[in-house]
$ cat data_23.txt   # compact mmCIF, C-alpha atoms
# COMPACT_ATOMS: atom_id res chain seq x y z
CA MET A 1 0.00 0.00 0.00
CA ARG A 2 1.29 3.38 -0.94
CA LEU A 3 1.09 6.10 1.65
CA ILE A 4 0.59 9.67 0.84
CA PRO A 5 3.53 11.82 1.96
CA GLN A 6 1.53 13.62 4.64
CA PHE A 7 0.48 10.36 6.33
CA ARG A 8 4.03 8.97 6.16
CA ALA A 9 5.36 12.07 7.98
CA LEU A 10 2.71 11.80 10.70
CA ARG A 11 3.54 8.11 11.33
CA ALA A 12 7.27 8.85 11.61
CA ALA A 13 6.64 11.66 14.09
CA ALA A 14 4.46 9.37 16.21
CA ARG A 15 7.13 6.68 16.30
CA GLN A 16 9.77 9.20 17.40
CA SER A 17 7.46 10.51 20.12
CA SER A 18 6.84 6.98 21.42
CA VAL A 19 10.58 6.29 21.60
CA ARG A 20 11.15 9.52 23.51
CA GLN A 21 8.35 8.70 25.96
CA VAL A 22 9.74 5.20 26.61
CA ALA A 23 13.24 6.59 27.16
CA LEU A 24 11.93 9.28 29.51
CA GLY A 25 9.92 6.68 31.41
CA MET A 26 13.02 4.52 31.88
CA LEU A 27 14.99 7.50 33.19
CA LEU A 28 12.30 8.34 35.71
CA LEU A 29 11.70 4.75 36.74
CA GLY A 30 15.26 4.20 38.01
CA PRO A 31 15.30 6.88 40.79
CA ALA A 32 11.66 6.17 41.62
CA SER A 33 12.39 2.50 42.17
CA LEU A 34 15.20 3.43 44.56
CA TRP A 35 12.93 5.63 46.64
CA LEU A 36 10.20 2.99 46.67
CA SER A 37 12.70 0.38 47.86
CA GLY A 38 13.78 2.66 50.74
CA THR A 39 17.21 3.49 49.28
CA PRO A 40 17.51 7.14 48.23
CA PRO A 41 19.66 7.89 45.21
CA ALA A 42 23.23 8.93 45.92
CA GLY A 43 24.01 12.61 45.97
CA PRO A 44 25.86 15.26 47.98
CA ASP A 45 22.75 16.29 49.91
CA THR A 46 21.30 12.87 50.73
CA PRO A 47 20.78 11.85 54.37
CA ALA A 48 23.15 8.93 53.83
CA ASP A 49 25.97 11.25 52.81
CA ARG A 50 25.20 13.65 55.63
CA GLY A 51 25.24 10.74 58.08
CA ALA A 52 28.63 9.62 56.83
CA GLY A 53 29.96 13.13 57.20
CA GLY A 54 28.48 13.36 60.69
CA ALA A 55 30.11 10.09 61.66
CA GLN A 56 33.47 11.41 60.52
CA ALA A 57 32.95 14.68 62.40
CA GLU A 58 31.75 13.03 65.62
CA PRO A 59 35.26 12.21 67.01
CA VAL A 60 36.34 15.78 66.26
CA THR A 61 33.30 17.12 68.12
CA ARG A 62 34.00 14.89 71.10
CA ALA A 63 37.64 15.95 71.18
CA TRP A 64 36.63 19.62 71.04
CA ALA A 65 34.12 19.13 73.88
CA ALA A 66 36.76 17.34 75.96
CA ARG A 67 39.18 20.23 75.47
CA GLN A 68 36.52 22.72 76.51
CA LEU A 69 35.73 20.75 79.66
CA GLU A 70 39.41 20.46 80.57
CA SER A 71 39.91 24.17 79.98
CA ALA A 72 36.96 25.01 82.25
CA ARG A 73 38.30 22.60 84.89
CA ARG A 74 41.75 24.22 84.83
CA GLN A 75 40.28 27.72 85.07
CA THR A 76 38.16 26.74 88.07
CA ILE A 77 41.12 25.11 89.83
CA VAL A 78 43.37 28.13 89.28
CA ARG A 79 40.67 30.52 90.47
CA LEU A 80 39.91 28.54 93.64
CA ALA A 81 43.60 27.98 94.37
CA ASP A 82 44.09 31.74 94.31
CA GLU A 83 40.93 32.48 96.27
CA PHE A 84 41.73 30.00 99.06
CA ASP A 85 45.50 30.51 98.88
CA VAL A 86 46.46 26.87 98.32
CA ALA A 87 48.86 25.20 95.93
CA GLU A 88 47.36 24.19 92.59
CA PRO A 89 48.08 20.44 93.00
CA LEU A 90 46.07 20.37 96.23
CA ALA A 91 43.40 22.57 94.66
CA ALA A 92 43.12 20.07 91.80
CA ASP A 93 42.75 17.19 94.28
CA ILE A 94 40.00 19.00 96.16
CA HIS A 95 38.18 20.03 93.00
CA ASP A 96 38.27 16.59 91.40
CA ALA A 97 37.23 14.76 94.56
CA ALA A 98 34.34 17.19 95.06
CA VAL A 99 33.10 16.76 91.50
CA SER A 100 33.35 12.96 91.76
CA GLU A 101 31.10 13.03 94.87
CA ALA A 102 28.67 15.63 93.45
CA ILE A 103 29.77 18.40 95.83
CA GLU A 104 29.96 21.98 94.63
CA PRO A 105 33.74 22.77 94.51
CA ARG A 106 33.56 26.06 96.41
CA LEU A 107 31.66 24.38 99.24
CA ALA A 108 34.30 21.64 99.29
CA PHE A 109 37.13 24.17 99.59
CA SER A 110 35.31 26.00 102.36
CA LEU A 111 34.78 22.75 104.26
CA VAL A 112 38.46 21.77 104.06
CA ARG A 113 39.53 25.22 105.20
CA ALA A 114 37.18 25.12 108.18
CA GLU A 115 38.18 21.57 109.12
CA SER A 116 41.95 21.51 108.72
CA ARG A 117 43.20 24.76 107.24
CA PHE A 118 44.30 22.60 104.31
CA ARG A 119 46.70 20.55 106.44
CA ALA A 120 46.74 16.96 105.21
CA ARG A 121 48.22 15.55 108.46
CA ALA A 122 45.99 17.37 110.93
CA VAL A 123 44.69 15.11 113.73
CA SER A 124 42.22 16.25 116.39
CA PRO A 125 42.15 15.09 120.03
CA GLY A 126 38.95 13.25 119.16
CA GLY A 127 40.73 11.22 116.49
CA ALA A 128 39.48 13.00 113.37
CA VAL A 129 42.10 12.81 110.64
CA GLY A 130 43.31 14.76 107.66
CA LEU A 131 42.00 17.44 105.36
CA THR A 132 38.31 16.80 105.99
CA GLN A 133 38.80 15.60 109.60
CA VAL A 134 37.11 12.24 109.12
CA LEU A 135 36.89 9.68 111.92
CA PRO A 136 38.34 6.27 111.03
CA SER A 137 35.02 4.67 112.01
CA THR A 138 33.18 6.87 109.53
CA ALA A 139 35.74 6.07 106.84
CA SER A 140 35.43 2.32 107.38
CA TRP A 141 31.65 2.64 107.05
CA LEU A 142 31.74 4.73 103.86
CA ALA A 143 34.77 3.03 102.29
CA PRO A 144 35.28 -0.42 103.81
CA GLY A 145 38.92 -1.26 104.31
CA THR A 146 39.98 2.36 104.83
CA GLY A 147 42.03 2.86 107.98
CA GLY A 148 43.40 5.80 109.92
CA GLN A 149 46.72 5.85 108.05
CA ASP A 150 44.87 5.85 104.73
CA LEU A 151 43.12 9.05 105.77
CA LEU A 152 46.47 10.85 105.80
CA ARG A 153 46.56 10.49 102.04
CA PRO A 154 44.81 13.56 100.54
CA GLU A 155 43.06 11.72 97.70
CA VAL A 156 41.57 9.15 100.10
CA ASN A 157 40.65 11.67 102.78
CA LEU A 158 38.97 14.05 100.37
CA ARG A 159 36.98 11.32 98.69
CA VAL A 160 35.71 9.92 102.01
CA GLY A 161 35.01 13.33 103.54
CA PHE A 162 33.06 14.58 100.55
CA ARG A 163 31.20 11.30 100.31
CA TYR A 164 30.12 11.78 103.92
CA LEU A 165 28.99 15.33 103.18
CA ARG A 166 27.05 14.07 100.15
CA HIS A 167 25.36 11.50 102.38
CA LEU A 168 24.35 14.21 104.84
CA LEU A 169 23.08 16.50 102.09
CA ASP A 170 20.89 13.68 100.83
CA GLN A 171 19.74 12.89 104.37
CA TYR A 172 18.66 16.48 104.98
CA ASP A 173 17.11 17.01 101.54
CA GLY A 174 19.86 19.28 100.26
CA ASN A 175 19.78 21.65 103.26
CA GLN A 176 23.39 22.78 103.43
CA ARG A 177 23.16 24.30 106.89
CA LEU A 178 21.75 21.17 108.47
CA ALA A 179 24.17 18.94 106.58
CA LEU A 180 27.18 21.02 107.64
CA THR A 181 25.97 21.19 111.23
CA ALA A 182 25.58 17.42 111.22
CA TYR A 183 29.07 17.08 109.75
CA ASN A 184 30.40 19.01 112.73
CA ARG A 185 28.13 17.86 115.56
CA GLY A 186 27.03 14.48 114.26
CA PRO A 187 23.66 13.61 112.70
CA GLY A 188 22.49 11.95 115.91
CA THR A 189 22.81 15.20 117.85
CA VAL A 190 21.17 17.22 115.10
CA ASP A 191 18.25 14.81 114.80
CA ARG A 192 17.70 14.72 118.55
CA LEU A 193 17.63 18.51 118.83
CA LEU A 194 15.28 18.83 115.88
CA LYS A 195 12.99 16.19 117.33
CA HIS A 196 12.63 18.23 120.54
CA GLY A 197 12.04 21.47 118.65
CA HIS A 198 15.49 22.95 119.21
CA ASP A 199 17.76 24.66 116.72
CA PRO A 200 20.93 22.56 116.27
CA ASP A 201 22.90 25.44 114.74
CA ASN A 202 26.20 26.09 116.50
CA GLY A 203 27.70 28.57 114.06
CA TYR A 204 29.73 26.00 112.14
CA ALA A 205 27.60 26.09 108.99
CA GLU A 206 27.83 29.87 108.82
CA LYS A 207 31.59 29.65 109.27
CA VAL A 208 31.85 27.34 106.27
CA LEU A 209 29.34 29.08 104.03
CA ALA A 210 30.51 32.62 104.76
CA GLY A 211 34.11 31.68 104.13
CA ASP A 212 35.57 34.10 106.67
CA ARG A 213 38.49 34.73 104.32
CA ALA A 214 40.02 37.63 106.24
CA ARG A 215 40.16 35.60 109.46
CA SER A 216 41.69 32.67 107.60
CA GLY A 217 44.42 34.92 106.15
CA ALA A 218 45.16 36.37 109.59
CA LEU A 219 45.54 32.90 111.11
CA ARG A 220 47.97 31.84 108.38
CA THR A 221 50.03 35.00 108.99
CA VAL A 222 50.26 34.23 112.71
CA GLN A 223 51.23 30.62 112.02
CA LEU A 224 54.02 31.71 109.69
CA ALA A 225 55.34 34.09 112.32
CA ARG A 226 55.27 31.44 115.09
CA PRO A 227 57.10 28.21 114.19
CA GLY A 228 55.34 25.16 115.60
CA ALA A 229 51.97 26.87 115.95
CA ASP A 230 50.58 24.79 113.09
CA ALA A 231 51.32 21.54 114.87
CA ARG A 232 49.93 22.79 118.18
CA GLN A 233 46.68 23.86 116.50
CA GLY A 234 46.30 20.42 114.99
CA ARG A 235 46.76 18.73 118.38
CA ASN A 236 44.42 21.09 120.17
CA ARG A 237 41.61 21.07 117.59
CA SER A 238 38.36 19.67 119.01
$ encode --input "data_23.txt" --output "structure tokens"
Amino acid sequence: MRLIPQFRALRAAARQSSVRQVALGMLLLGPASLWLSGTPPAGPDTPADRGAGGAQAEPVTRAWAARQLESARRQTIVRLADEFDVAEPLAADIHDAAVSEAIEPRLAFSLVRAESRFRARAVSPGGAVGLTQVLPSTASWLAPGTGGQDLLRPEVNLRVGFRYLRHLLDQYDGNQRLALTAYNRGPGTVDRLLKHGHDPDNGYAEKVLAGDRARSGALRTVQLARPGADARQGRNRS
């Protein structure tokens, strides 16, 4: 059959259009099938690529955060060492022990100053030992196996003393004044006085919380001017 030229041209155009439509359909079907299967096509902005980049950046982020924390720790230690006039190694020991027992560092420094004037080998007539003036019986209860000689080691003494303070803070629902008073007078005495409607405060909590920095500096000046006074104060402390 002979086709007129106009009809032949129309049939050729239709065939070309069908080929283009099939090709376009195949191009669109590939990415669509990936999405339908749950696998997005690769590309610089896909979640998979962003996840890979995030995984690579995660160690860097952790390292940066660790450096920031260490920098903040060092700044706090230096500041408290200057404020309480103690050597930085001891300040670091106090700070780290306080943080490990969930005690606010400034409160920890104030407690050690009130208890021992930062003297690691201070021993009271009542048998309290070291920086936080802990009794060996209290230490053996809080840290079984800890003896009196162990309490002369700053890292042990600080850990046990701050653990005891944490225990008292929990016992008195976070009341710092009651916890500090109990640290000084004993929780049995505090509880008995409270039970009978009496105020157990003896001024110790205020001494710790207020800091009394000027008085502390004056005492250190006197001790430096009088050799042996430091040892006598340790023996006479009640």
$ closest_residue --input "data_23.txt" --among "A:Leu158, A:Leu131, A:Leu209, A:Ala57" --to "Asp93 in chain A" --atoms "all atoms listed in the file"
A:Leu158
$ residues_around --input "data_23.txt" --residues "Tyr183 in chain A" --least-positions-apart "3" --cutoff "10 Å" --atoms "only C-alpha atoms" --output "VMD selection string"
chain A and resid 111 132 to 134 161 164 to 165 167 to 169 177 to 180 186 to 187 190 204 to 205
$ atom_distance --input "data_23.txt" --atom1 "CA of Phe118 in chain A" --atom2 "CA of Gly145 in chain A"
24.5 Å
$ residues_around --input "data_23.txt" --residues "Glu101 in chain A" --least-positions-apart "3" --cutoff "12 Å" --atoms "only C-alpha atoms" --output "mmCIF file with C-alpha atoms, in the frame of the given file"
data_model
loop_
_atom_site.group_PDB
_atom_site.id
_atom_site.type_symbol
_atom_site.label_atom_id
_atom_site.label_comp_id
_atom_site.auth_asym_id
_atom_site.auth_seq_id
_atom_site.Cartn_x
_atom_site.Cartn_y
_atom_site.Cartn_z
ATOM 1 C CA ILE A 94 40.000 19.000 96.160
ATOM 2 C CA HIS A 95 38.180 20.030 93.000
ATOM 3 C CA ASP A 96 38.270 16.590 91.400
ATOM 4 C CA ALA A 97 37.230 14.760 94.560
ATOM 5 C CA ALA A 98 34.340 17.190 95.060
ATOM 6 C CA GLU A 104 29.960 21.980 94.630
ATOM 7 C CA PRO A 105 33.740 22.770 94.510
ATOM 8 C CA ALA A 108 34.300 21.640 99.290
ATOM 9 C CA LEU A 158 38.970 14.050 100.370
ATOM 10 C CA ARG A 159 36.980 11.320 98.690
ATOM 11 C CA VAL A 160 35.710 9.920 102.010
ATOM 12 C CA GLY A 161 35.010 13.330 103.540
ATOM 13 C CA PHE A 162 33.060 14.580 100.550
ATOM 14 C CA ARG A 163 31.200 11.300 100.310
ATOM 15 C CA TYR A 164 30.120 11.780 103.920
ATOM 16 C CA LEU A 165 28.990 15.330 103.180
ATOM 17 C CA ARG A 166 27.050 14.070 100.150
ATOM 18 C CA HIS A 167 25.360 11.500 102.380
ATOM 19 C CA LEU A 169 23.080 16.500 102.090
ATOM 20 C CA ASP A 170 20.890 13.680 100.830
#
$ atom_distance --input "data_23.txt" --atom1 "CA of Ala91 in chain A" --atom2 "CA of Ser137 in chain A"
26.3 Å
$ residues_near_point --input "data_23.txt" --point "(41.2, 12.7, 111.1)" --cutoff "10 Å" --atoms "only C-alpha atoms" --output "mmCIF file with C-alpha atoms, in the frame of the given file"
data_model
loop_
_atom_site.group_PDB
_atom_site.id
_atom_site.type_symbol
_atom_site.label_atom_id
_atom_site.label_comp_id
_atom_site.auth_asym_id
_atom_site.auth_seq_id
_atom_site.Cartn_x
_atom_site.Cartn_y
_atom_site.Cartn_z
ATOM 1 C CA GLU A 115 38.180 21.570 109.120
ATOM 2 C CA SER A 116 41.950 21.510 108.720
ATOM 3 C CA ALA A 120 46.740 16.960 105.210
ATOM 4 C CA ARG A 121 48.220 15.550 108.460
ATOM 5 C CA ALA A 122 45.990 17.370 110.930
ATOM 6 C CA VAL A 123 44.690 15.110 113.730
ATOM 7 C CA SER A 124 42.220 16.250 116.390
ATOM 8 C CA PRO A 125 42.150 15.090 120.030
ATOM 9 C CA GLY A 126 38.950 13.250 119.160
ATOM 10 C CA GLY A 127 40.730 11.220 116.490
ATOM 11 C CA ALA A 128 39.480 13.000 113.370
ATOM 12 C CA VAL A 129 42.100 12.810 110.640
ATOM 13 C CA GLY A 130 43.310 14.760 107.660
ATOM 14 C CA LEU A 131 42.000 17.440 105.360
ATOM 15 C CA THR A 132 38.310 16.800 105.990
ATOM 16 C CA GLN A 133 38.800 15.600 109.600
ATOM 17 C CA VAL A 134 37.110 12.240 109.120
ATOM 18 C CA LEU A 135 36.890 9.680 111.920
ATOM 19 C CA PRO A 136 38.340 6.270 111.030
ATOM 20 C CA ALA A 139 35.740 6.070 106.840
ATOM 21 C CA GLY A 148 43.400 5.800 109.920
ATOM 22 C CA GLN A 149 46.720 5.850 108.050
ATOM 23 C CA LEU A 151 43.120 9.050 105.770
ATOM 24 C CA LEU A 152 46.470 10.850 105.800
ATOM 25 C CA ASN A 157 40.650 11.670 102.780
ATOM 26 C CA GLY A 161 35.010 13.330 103.540
#
$ closest_residue --input "data_23.txt" --among "A:Pro154, A:Glu88, A:Thr76, A:Asp173" --to "Val112 in chain A" --atoms "all atoms listed in the file"
A:Pro154
$ atom_distance --input "data_23.txt" --atom1 "CA of Arg113 in chain A" --atom2 "CA of Pro200 in chain A"
21.8 Å
